[in-house]
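S.K.: For reference, this is work_23.pdb, and it has PDB, C-alpha atoms.
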```
ATOM      1  CA  MET A   1     177.859 277.664 -81.481  1.00  0.00           C
ATOM      2  CA  SER A   2     174.926 278.792 -79.393  1.00  0.00           C
ATOM      3  CA  SER A   3     173.272 276.047 -77.348  1.00  0.00           C
ATOM      4  CA  ALA A   4     169.904 275.204 -75.814  1.00  0.00           C
ATOM      5  CA  LEU A   5     168.638 272.406 -73.604  1.00  0.00           C
ATOM      6  CA  VAL A   6     165.340 270.930 -74.843  1.00  0.00           C
ATOM      7  CA  LEU A   7     163.327 268.873 -72.335  1.00  0.00           C
ATOM      8  CA  ILE A   8     160.416 266.922 -73.775  1.00  0.00           C
ATOM      9  CA  ASP A   9     157.231 265.452 -72.231  1.00  0.00           C
ATOM     10  CA  PHE A  10     158.145 265.348 -68.564  1.00  0.00           C
ATOM     11  CA  ILE A  11     154.449 265.769 -67.740  1.00  0.00           C
ATOM     12  CA  ASN A  12     152.371 264.148 -65.022  1.00  0.00           C
ATOM     13  CA  GLU A  13     150.332 261.947 -67.348  1.00  0.00           C
ATOM     14  CA  ILE A  14     153.508 260.224 -68.529  1.00  0.00           C
ATOM     15  CA  VAL A  15     156.053 260.314 -65.677  1.00  0.00           C
ATOM     16  CA  HIS A  16     153.967 260.562 -62.488  1.00  0.00           C
ATOM     17  CA  PRO A  17     152.862 257.305 -60.797  1.00  0.00           C
ATOM     18  CA  LYS A  18     149.260 258.610 -60.846  1.00  0.00           C
ATOM     19  CA  GLY A  19     149.353 259.468 -64.561  1.00  0.00           C
ATOM     20  CA  LYS A  20     147.194 257.505 -66.977  1.00  0.00           C
ATOM     21  CA  PHE A  21     150.289 256.174 -68.762  1.00  0.00           C
ATOM     22  CA  SER A  22     152.147 255.087 -65.613  1.00  0.00           C
ATOM     23  CA  SER A  23     151.467 251.420 -66.363  1.00  0.00           C
ATOM     24  CA  MET A  24     153.751 251.764 -69.399  1.00  0.00           C
ATOM     25  CA  GLY A  25     156.689 251.873 -66.983  1.00  0.00           C
ATOM     26  CA  PHE A  26     157.976 255.434 -67.324  1.00  0.00           C
ATOM     27  CA  PRO A  27     157.704 256.468 -63.637  1.00  0.00           C
ATOM     28  CA  ALA A  28     159.492 253.287 -62.546  1.00  0.00           C
ATOM     29  CA  TYR A  29     162.217 253.802 -65.144  1.00  0.00           C
ATOM     30  CA  MET A  30     162.645 257.421 -64.028  1.00  0.00           C
ATOM     31  CA  GLU A  31     163.002 256.388 -60.389  1.00  0.00           C
ATOM     32  CA  ASN A  32     165.236 253.358 -60.954  1.00  0.00           C
ATOM     33  CA  ASN A  33     167.612 255.367 -63.139  1.00  0.00           C
ATOM     34  CA  HIS A  34     167.602 258.617 -61.098  1.00  0.00           C
ATOM     35  CA  VAL A  35     166.409 260.573 -64.116  1.00  0.00           C
ATOM     36  CA  PHE A  36     164.929 263.459 -62.102  1.00  0.00           C
ATOM     37  CA  ASP A  37     168.183 263.864 -60.140  1.00  0.00           C
ATOM     38  CA  ASN A  38     170.182 263.839 -63.372  1.00  0.00           C
ATOM     39  CA  LEU A  39     167.790 266.356 -64.954  1.00  0.00           C
ATOM     40  CA  ASP A  40     168.140 268.659 -61.962  1.00  0.00           C
ATOM     41  CA  LYS A  41     171.941 268.660 -62.285  1.00  0.00           C
ATOM     42  CA  LEU A  42     171.766 269.140 -66.052  1.00  0.00           C
ATOM     43  CA  THR A  43     169.290 272.014 -65.769  1.00  0.00           C
ATOM     44  CA  LYS A  44     171.395 273.727 -63.097  1.00  0.00           C
ATOM     45  CA  ALA A  45     174.491 273.409 -65.295  1.00  0.00           C
ATOM     46  CA  ALA A  46     172.622 274.921 -68.256  1.00  0.00           C
ATOM     47  CA  ARG A  47     171.299 277.829 -66.200  1.00  0.00           C
ATOM     48  CA  ALA A  48     174.778 278.496 -64.760  1.00  0.00           C
ATOM     49  CA  LYS A  49     176.045 278.962 -68.340  1.00  0.00           C
ATOM     50  CA  LYS A  50     172.968 281.053 -69.313  1.00  0.00           C
ATOM     51  CA  VAL A  51     171.853 278.344 -71.758  1.00  0.00           C
ATOM     52  CA  PRO A  52     168.092 278.476 -72.431  1.00  0.00           C
ATOM     53  CA  VAL A  53     166.133 275.614 -70.892  1.00  0.00           C
ATOM     54  CA  ILE A  54     163.234 274.869 -73.230  1.00  0.00           C
ATOM     55  CA  TYR A  55     160.237 272.783 -72.199  1.00  0.00           C
ATOM     56  CA  VAL A  56     158.042 270.975 -74.711  1.00  0.00           C
ATOM     57  CA  ARG A  57     154.955 269.043 -73.704  1.00  0.00           C
ATOM     58  CA  LEU A  58     152.314 266.951 -75.365  1.00  0.00           C
ATOM     59  CA  GLY A  59     148.744 268.092 -74.889  1.00  0.00           C
ATOM     60  CA  PHE A  60     145.359 268.219 -76.566  1.00  0.00           C
ATOM     61  CA  SER A  61     142.564 270.748 -76.199  1.00  0.00           C
ATOM     62  CA  LYS A  62     139.250 269.792 -74.669  1.00  0.00           C
ATOM     63  CA  GLY A  63     137.313 267.836 -77.267  1.00  0.00           C
ATOM     64  CA  TYR A  64     140.562 266.599 -78.879  1.00  0.00           C
ATOM     65  CA  LYS A  65     140.060 268.492 -82.158  1.00  0.00           C
ATOM     66  CA  ASP A  66     143.854 268.817 -82.451  1.00  0.00           C
ATOM     67  CA  CYS A  67     144.379 265.089 -81.877  1.00  0.00           C
ATOM     68  CA  SER A  68     145.099 262.846 -84.852  1.00  0.00           C
ATOM     69  CA  ASP A  69     142.336 260.357 -85.620  1.00  0.00           C
ATOM     70  CA  THR A  70     144.689 258.296 -87.777  1.00  0.00           C
ATOM     71  CA  SER A  71     147.406 257.774 -85.147  1.00  0.00           C
ATOM     72  CA  PRO A  72     147.125 254.550 -83.125  1.00  0.00           C
ATOM     73  CA  LEU A  73     149.158 256.239 -80.369  1.00  0.00           C
ATOM     74  CA  PHE A  74     147.202 259.479 -80.127  1.00  0.00           C
ATOM     75  CA  SER A  75     143.788 257.919 -80.620  1.00  0.00           C
ATOM     76  CA  MET A  76     144.400 256.266 -77.231  1.00  0.00           C
ATOM     77  CA  ALA A  77     144.679 259.709 -75.634  1.00  0.00           C
ATOM     78  CA  LYS A  78     141.267 260.638 -76.970  1.00  0.00           C
ATOM     79  CA  LYS A  79     139.742 257.285 -76.009  1.00  0.00           C
ATOM     80  CA  TYR A  80     140.923 257.548 -72.389  1.00  0.00           C
ATOM     81  CA  GLY A  81     140.603 261.307 -71.978  1.00  0.00           C
ATOM     82  CA  ALA A  82     144.350 261.613 -71.441  1.00  0.00           C
ATOM     83  CA  VAL A  83     146.848 264.471 -71.831  1.00  0.00           C
ATOM     84  CA  GLU A  84     144.190 267.161 -71.892  1.00  0.00           C
ATOM     85  CA  LEU A  85     145.557 270.694 -71.754  1.00  0.00           C
ATOM     86  CA  GLY A  86     144.599 272.787 -68.756  1.00  0.00           C
ATOM     87  CA  THR A  87     144.579 269.791 -66.411  1.00  0.00           C
ATOM     88  CA  TRP A  88     147.033 268.257 -63.951  1.00  0.00           C
ATOM     89  CA  ALA A  89     147.859 265.660 -66.616  1.00  0.00           C
ATOM     90  CA  THR A  90     149.741 268.095 -68.848  1.00  0.00           C
ATOM     91  CA  GLU A  91     151.496 270.042 -66.114  1.00  0.00           C
ATOM     92  CA  PHE A  92     155.228 269.470 -65.862  1.00  0.00           C
ATOM     93  CA  HIS A  93     156.134 267.082 -63.053  1.00  0.00           C
ATOM     94  CA  GLU A  94     156.833 268.871 -59.786  1.00  0.00           C
ATOM     95  CA  LYS A  95     160.470 267.712 -59.787  1.00  0.00           C
ATOM     96  CA  MET A  96     161.137 269.698 -62.961  1.00  0.00           C
ATOM     97  CA  ASP A  97     162.696 273.125 -62.400  1.00  0.00           C
ATOM     98  CA  VAL A  98     160.343 275.013 -64.697  1.00  0.00           C
ATOM     99  CA  ARG A  99     160.640 278.777 -64.378  1.00  0.00           C
ATOM    100  CA  GLU A 100     158.371 281.525 -65.608  1.00  0.00           C
ATOM    101  CA  GLY A 101     160.822 282.889 -68.177  1.00  0.00           C
ATOM    102  CA  ASP A 102     161.656 279.500 -69.710  1.00  0.00           C
ATOM    103  CA  PRO A 103     160.434 279.022 -73.281  1.00  0.00           C
ATOM    104  CA  LYS A 104     157.553 276.523 -73.357  1.00  0.00           C
ATOM    105  CA  PHE A 105     155.921 274.856 -76.333  1.00  0.00           C
ATOM    106  CA  ILE A 106     152.908 272.580 -76.722  1.00  0.00           C
ATOM    107  CA  LYS A 107     152.933 269.800 -79.270  1.00  0.00           C
ATOM    108  CA  HIS A 108     150.089 267.736 -80.686  1.00  0.00           C
ATOM    109  CA  ARG A 109     152.325 265.243 -82.472  1.00  0.00           C
ATOM    110  CA  VAL A 110     155.406 263.150 -81.715  1.00  0.00           C
ATOM    111  CA  SER A 111     158.118 265.638 -82.679  1.00  0.00           C
ATOM    112  CA  ALA A 112     158.859 268.746 -80.640  1.00  0.00           C
ATOM    113  CA  PHE A 113     159.252 270.554 -83.977  1.00  0.00           C
ATOM    114  CA  CYS A 114     155.855 269.759 -85.516  1.00  0.00           C
ATOM    115  CA  ASP A 115     153.822 273.007 -85.541  1.00  0.00           C
ATOM    116  CA  THR A 116     155.129 274.144 -82.157  1.00  0.00           C
ATOM    117  CA  GLY A 117     157.113 277.311 -82.822  1.00  0.00           C
ATOM    118  CA  LEU A 118     160.292 275.685 -81.480  1.00  0.00           C
ATOM    119  CA  GLU A 119     162.201 276.021 -84.748  1.00  0.00           C
ATOM    120  CA  ALA A 120     161.264 279.702 -85.055  1.00  0.00           C
ATOM    121  CA  TYR A 121     162.451 280.335 -81.477  1.00  0.00           C
ATOM    122  CA  LEU A 122     165.788 278.616 -82.153  1.00  0.00           C
ATOM    123  CA  LYS A 123     166.365 280.565 -85.367  1.00  0.00           C
ATOM    124  CA  GLU A 124     165.380 283.908 -83.769  1.00  0.00           C
ATOM    125  CA  ASN A 125     167.904 283.280 -80.998  1.00  0.00           C
ATOM    126  CA  GLY A 126     170.720 281.982 -83.200  1.00  0.00           C
ATOM    127  CA  ILE A 127     170.713 278.559 -81.542  1.00  0.00           C
ATOM    128  CA  ASP A 128     172.283 275.773 -83.562  1.00  0.00           C
ATOM    129  CA  ASN A 129     173.443 273.274 -80.921  1.00  0.00           C
ATOM    130  CA  LEU A 130     170.777 271.253 -79.102  1.00  0.00           C
ATOM    131  CA  PHE A 131     171.007 269.033 -76.047  1.00  0.00           C
ATOM    132  CA  ILE A 132     167.857 266.908 -75.940  1.00  0.00           C
ATOM    133  CA  ALA A 133     166.340 264.871 -73.118  1.00  0.00           C
ATOM    134  CA  GLY A 134     162.854 263.477 -72.734  1.00  0.00           C
ATOM    135  CA  VAL A 135     160.446 260.649 -72.512  1.00  0.00           C
ATOM    136  CA  ALA A 136     160.043 258.348 -74.276  1.00  0.00           C
ATOM    137  CA  THR A 137     163.493 257.828 -75.713  1.00  0.00           C
ATOM    138  CA  ASN A 138     162.045 255.747 -78.544  1.00  0.00           C
ATOM    139  CA  VAL A 139     159.189 258.140 -79.364  1.00  0.00           C
ATOM    140  CA  ALA A 140     159.416 261.869 -78.569  1.00  0.00           C
ATOM    141  CA  VAL A 141     163.195 261.999 -78.218  1.00  0.00           C
ATOM    142  CA  MET A 142     163.724 260.054 -81.424  1.00  0.00           C
ATOM    143  CA  GLY A 143     161.227 262.247 -83.296  1.00  0.00           C
ATOM    144  CA  ALA A 144     162.882 265.471 -82.142  1.00  0.00           C
ATOM    145  CA  VAL A 145     166.390 264.228 -82.875  1.00  0.00           C
ATOM    146  CA  MET A 146     165.502 263.093 -86.390  1.00  0.00           C
ATOM    147  CA  ASP A 147     163.840 266.420 -87.204  1.00  0.00           C
ATOM    148  CA  ALA A 148     166.668 268.464 -85.656  1.00  0.00           C
ATOM    149  CA  HIS A 149     169.224 266.414 -87.580  1.00  0.00           C
ATOM    150  CA  ASP A 150     167.408 267.010 -90.852  1.00  0.00           C
ATOM    151  CA  MET A 151     167.290 270.758 -90.116  1.00  0.00           C
ATOM    152  CA  ASP A 152     171.083 270.745 -89.672  1.00  0.00           C
ATOM    153  CA  TYR A 153     171.236 271.339 -85.933  1.00  0.00           C
ATOM    154  CA  LYS A 154     174.100 269.800 -84.006  1.00  0.00           C
ATOM    155  CA  VAL A 155     172.337 267.438 -81.595  1.00  0.00           C
ATOM    156  CA  THR A 156     173.359 265.594 -78.444  1.00  0.00           C
ATOM    157  CA  VAL A 157     171.023 263.223 -76.621  1.00  0.00           C
ATOM    158  CA  VAL A 158     171.575 263.286 -72.865  1.00  0.00           C
ATOM    159  CA  GLU A 159     171.018 259.582 -72.336  1.00  0.00           C
ATOM    160  CA  ASP A 160     170.716 259.471 -68.544  1.00  0.00           C
ATOM    161  CA  CYS A 161     168.122 262.259 -68.674  1.00  0.00           C
ATOM    162  CA  CYS A 162     165.832 260.260 -70.949  1.00  0.00           C
ATOM    163  CA  ALA A 163     163.382 257.486 -70.108  1.00  0.00           C
ATOM    164  CA  ALA A 164     161.732 254.625 -71.915  1.00  0.00           C
ATOM    165  CA  SER A 165     159.342 251.900 -70.843  1.00  0.00           C
ATOM    166  CA  ASP A 166     162.309 249.591 -70.199  1.00  0.00           C
ATOM    167  CA  GLU A 167     166.102 249.519 -70.345  1.00  0.00           C
ATOM    168  CA  ASN A 168     166.312 247.417 -73.510  1.00  0.00           C
ATOM    169  CA  THR A 169     164.118 249.820 -75.508  1.00  0.00           C
ATOM    170  CA  HIS A 170     166.153 252.771 -74.222  1.00  0.00           C
ATOM    171  CA  LYS A 171     169.500 251.211 -75.190  1.00  0.00           C
ATOM    172  CA  MET A 172     168.342 250.030 -78.620  1.00  0.00           C
ATOM    173  CA  THR A 173     166.990 253.498 -79.416  1.00  0.00           C
ATOM    174  CA  LEU A 174     170.246 255.143 -78.353  1.00  0.00           C
ATOM    175  CA  GLN A 175     172.132 252.860 -80.744  1.00  0.00           C
ATOM    176  CA  THR A 176     169.994 254.162 -83.589  1.00  0.00           C
ATOM    177  CA  LEU A 177     170.164 257.784 -82.438  1.00  0.00           C
ATOM    178  CA  GLY A 178     173.956 257.579 -82.338  1.00  0.00           C
ATOM    179  CA  MET A 179     173.914 257.713 -86.144  1.00  0.00           C
ATOM    180  CA  PHE A 180     172.190 261.116 -86.047  1.00  0.00           C
ATOM    181  CA  SER A 181     173.426 262.748 -82.852  1.00  0.00           C
ATOM    182  CA  GLY A 182     176.001 262.677 -80.139  1.00  0.00           C
ATOM    183  CA  ILE A 183     175.190 260.679 -77.014  1.00  0.00           C
ATOM    184  CA  ALA A 184     176.355 261.901 -73.583  1.00  0.00           C
ATOM    185  CA  LYS A 185     175.651 261.516 -69.901  1.00  0.00           C
ATOM    186  CA  HIS A 186     174.580 264.618 -67.969  1.00  0.00           C
ATOM    187  CA  ASN A 187     177.917 265.049 -66.195  1.00  0.00           C
ATOM    188  CA  ASP A 188     179.781 264.974 -69.537  1.00  0.00           C
ATOM    189  CA  VAL A 189     177.717 267.722 -71.174  1.00  0.00           C
ATOM    190  CA  LYS A 190     179.718 270.872 -71.899  1.00  0.00           C
ATOM    191  CA  PHE A 191     177.418 273.805 -72.545  1.00  0.00           C
TER     192      PHE A 191
END
```
Just give me the structure as structure tokens.
M.R.:
Amino acid sequence: MSSALVLIDFINEIVHPKGKFSSMGFPAYMENNHVFDNLDKLTKAARAKKVPVIYVRLGFSKGYKDCSDTSPLFSMAKKYGAVELGTWATEFHEKMDVREGDPKFIKHRVSAFCDTGLEAYLKENGIDNLFIAGVATNVAVMGAVMDAHDMDYKVTVVEDCCAASDENTHKMTLQTLGMFSGIAKHNDVKF
């Protein structure tokens, strides 16, 4: 099996204390659970094994033409002028080890697979085993895992490299995801 590490939505607007969504608790969760430290170790381990590190981020163009008007979640982005592409808000957090050659995809919906080019990249590179981490566990991670599962990828959620608004939401989501994927901590991942 050929593997890839997929990291989802670790952008300033969501995980930085100055981001517009910081009040939802993601930066505090990240800090309290050492998520950035865990991500750094996981990313280093992937790079040491020459496993692609793929970054996916949410973002909308100026004017929000690519933003869903029917989504209660995404209509908030438009209302508050959040997650606009080309701004600090949609840059990956400075603690992420993003490199120039890393594959990067922009999404306008919950799932990392929805009209992003991610699936095409995986198929072109013969990748069939995905390790997924991201924020929020109960939104973007769940969406990506469900889609990857239904496309017959082998999937493992790296639980201590994910974040939710609170511990209870994180744990409950992992219980559900365990029916569709493996669940592992970063130091147990074998690339």
S.K.: Excluding same-chain residues fewer than 3 positions from A:Phe21, what lies within 12 Å of it counting only C-alpha atoms, as a PyMOL selection string?
M.R.: chain A and resi 11-18+24-28+73+76-77+80-83+89-90+135-136+164-165
S.K.: Between A:Tyr121, A:Phe113, A:Phe74, A:Phe36, which is the closest to A:Asp150 once you count only C-alpha atoms?
M.R.: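 The shortest atom-to-atom distance to A:Asp150 comes from A:Phe113.
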S.K.: Can you pull out the residues contacting A:His186? Cut-off 12 Å, using all atoms listed in the file, and skip same-chain residues under 3 positions away; I want them as a list in words.
M.R.: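 Everything that qualifies: Leu5, His34, Val35, Phe36, Asp37, Asn38, Leu39, Asp40, Lys41, Leu42, Thr43, Lys44, Ala45, Ala46, Phe131, Ile132, Ala133, Thr156, Val157, Val158, Glu159, Asp160, Cys161, Cys162, Ile183, Val189, Lys190 and Phe191 of chain A.
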S.K.: Take the residues from that selection and write them out as a CSV table (one decimal), in the coordinates of the input, keeping C-alpha atoms.
M.R.:
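Everything below was put into out18.csv:
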```
chain,number,residue,atom,x,y,z
A,5,LEU,CA,168.6,272.4,-73.6
A,34,HIS,CA,167.6,258.6,-61.1
A,35,VAL,CA,166.4,260.6,-64.1
A,36,PHE,CA,164.9,263.5,-62.1
A,37,ASP,CA,168.2,263.9,-60.1
A,38,ASN,CA,170.2,263.8,-63.4
A,39,LEU,CA,167.8,266.4,-65.0
A,40,ASP,CA,168.1,268.7,-62.0
A,41,LYS,CA,171.9,268.7,-62.3
A,42,LEU,CA,171.8,269.1,-66.1
A,43,THR,CA,169.3,272.0,-65.8
A,44,LYS,CA,171.4,273.7,-63.1
A,45,ALA,CA,174.5,273.4,-65.3
A,46,ALA,CA,172.6,274.9,-68.3
A,131,PHE,CA,171.0,269.0,-76.0
A,132,ILE,CA,167.9,266.9,-75.9
A,133,ALA,CA,166.3,264.9,-73.1
A,156,THR,CA,173.4,265.6,-78.4
A,157,VAL,CA,171.0,263.2,-76.6
A,158,VAL,CA,171.6,263.3,-72.9
A,159,GLU,CA,171.0,259.6,-72.3
A,160,ASP,CA,170.7,259.5,-68.5
A,161,CYS,CA,168.1,262.3,-68.7
A,162,CYS,CA,165.8,260.3,-70.9
A,183,ILE,CA,175.2,260.7,-77.0
A,189,VAL,CA,177.7,267.7,-71.2
A,190,LYS,CA,179.7,270.9,-71.9
A,191,PHE,CA,177.4,273.8,-72.5
```
S.K.: Write out as a PyMOL selection string the residues lying within 9 Å of A:Met146, counting only C-alpha atoms and excluding same-chain residues fewer than 5 positions away.
M.R.: chain A and resi 111+141+151+177+180-181
S.K.: Looking at A:Gly117, A:Leu58, A:Lys79, A:Tyr64, which one is nearest to A:Phe10, with distances taken over all atoms listed in the file?
M.R.: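 For A:Phe10, the nearest of the given residues is A:Leu58.
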S.K.: List as a ChimeraX atom specification: which residues have an atom within 12 Å of (168.1, 279.4, -85.0), counting all atoms listed in the file?
M.R.: /A:1-4,117-130,148,151-154
S.K.: Using only C-alpha atoms, which residue out of A:Asn32, A:Thr87, A:Ser71, A:Ser61 lies closest to A:Asp166?
M.R.: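 Looking at the shortest contact to A:Asp166, the residue is A:Asn32.
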S.K.: One decimal, Å: what's the distance from atom CA of A:Thr169 over to atom CA of A:Asn138, could you say?
M.R.: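 Between these atoms lies a distance of 7.0 Å.
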S.K.: I want to know what sits within 7 Å of A:His108, based on only C-alpha atoms, with residues of the same chain fewer than 4 positions away left out; could you give that as a PDB file with C-alpha atoms, keeping the file's coordinate frame?
M.R.:
```
ATOM      1  CA  LEU A  58     152.314 266.951 -75.365  1.00  0.00           C
ATOM      2  CA  GLY A  59     148.744 268.092 -74.889  1.00  0.00           C
ATOM      3  CA  PHE A  60     145.359 268.219 -76.566  1.00  0.00           C
ATOM      4  CA  ASP A  66     143.854 268.817 -82.451  1.00  0.00           C
ATOM      5  CA  CYS A  67     144.379 265.089 -81.877  1.00  0.00           C
TER       6      CYS A  67
END
```
S.K.: So, counting all atoms listed in the file, which residue among A:Lys65, A:Arg57, A:His93, A:Arg99 is closest to A:Cys114?
M.R.: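 Checking each candidate against A:Cys114, we get A:Arg57 as the closest.
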S.K.: Report as JSON, numbers by chain the residues that result from applying the PyMOL selection byres ((chain A and resi 103) around 7) to the structure here.
M.R.: {"A": [54, 55, 101, 102, 104, 105]}
S.K.: Around all the atoms of stretch 53-70 of chain A listed in the file, draw an axis-aligned box and extend it by 3 Å on each of the six sides; I want its centre and edge lengths in Å to one decimal, as lines of an AutoDock Vina configuration file.
M.R.:
```
center_x = 151.7
center_y = 267.0
center_z = -79.3
size_x = 34.8
size_y = 23.3
size_z = 22.9
```
S.K.: Counting all atoms listed in the file, which of A:Val110, A:Ala140, A:Met96, A:Ala184 gets nearest to A:Val155?
M.R.: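 Using all atoms listed in the file, A:Val155 sits closest to A:Ala184.
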S.K.: Please measure the separation of atom CA of A:Asp9 and atom CA of A:Phe92, giving the value in Å to one decimal.
M.R.: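 These two atoms are separated by 7.8 Å.
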S.K.: Can you tell me how far atom CA of A:Leu85 sits from atom CA of A:Ile106, in Å to one decimal?
M.R.: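 Between atom CA of A:Leu85 and atom CA of A:Ile106 the gap is 9.1 Å.
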S.K.: Pick the closest to A:Glu167 from A:Ser68, A:Asp115, A:Met142, A:Thr137: which is it, counting all atoms listed in the file?
M.R.: A:Thr137
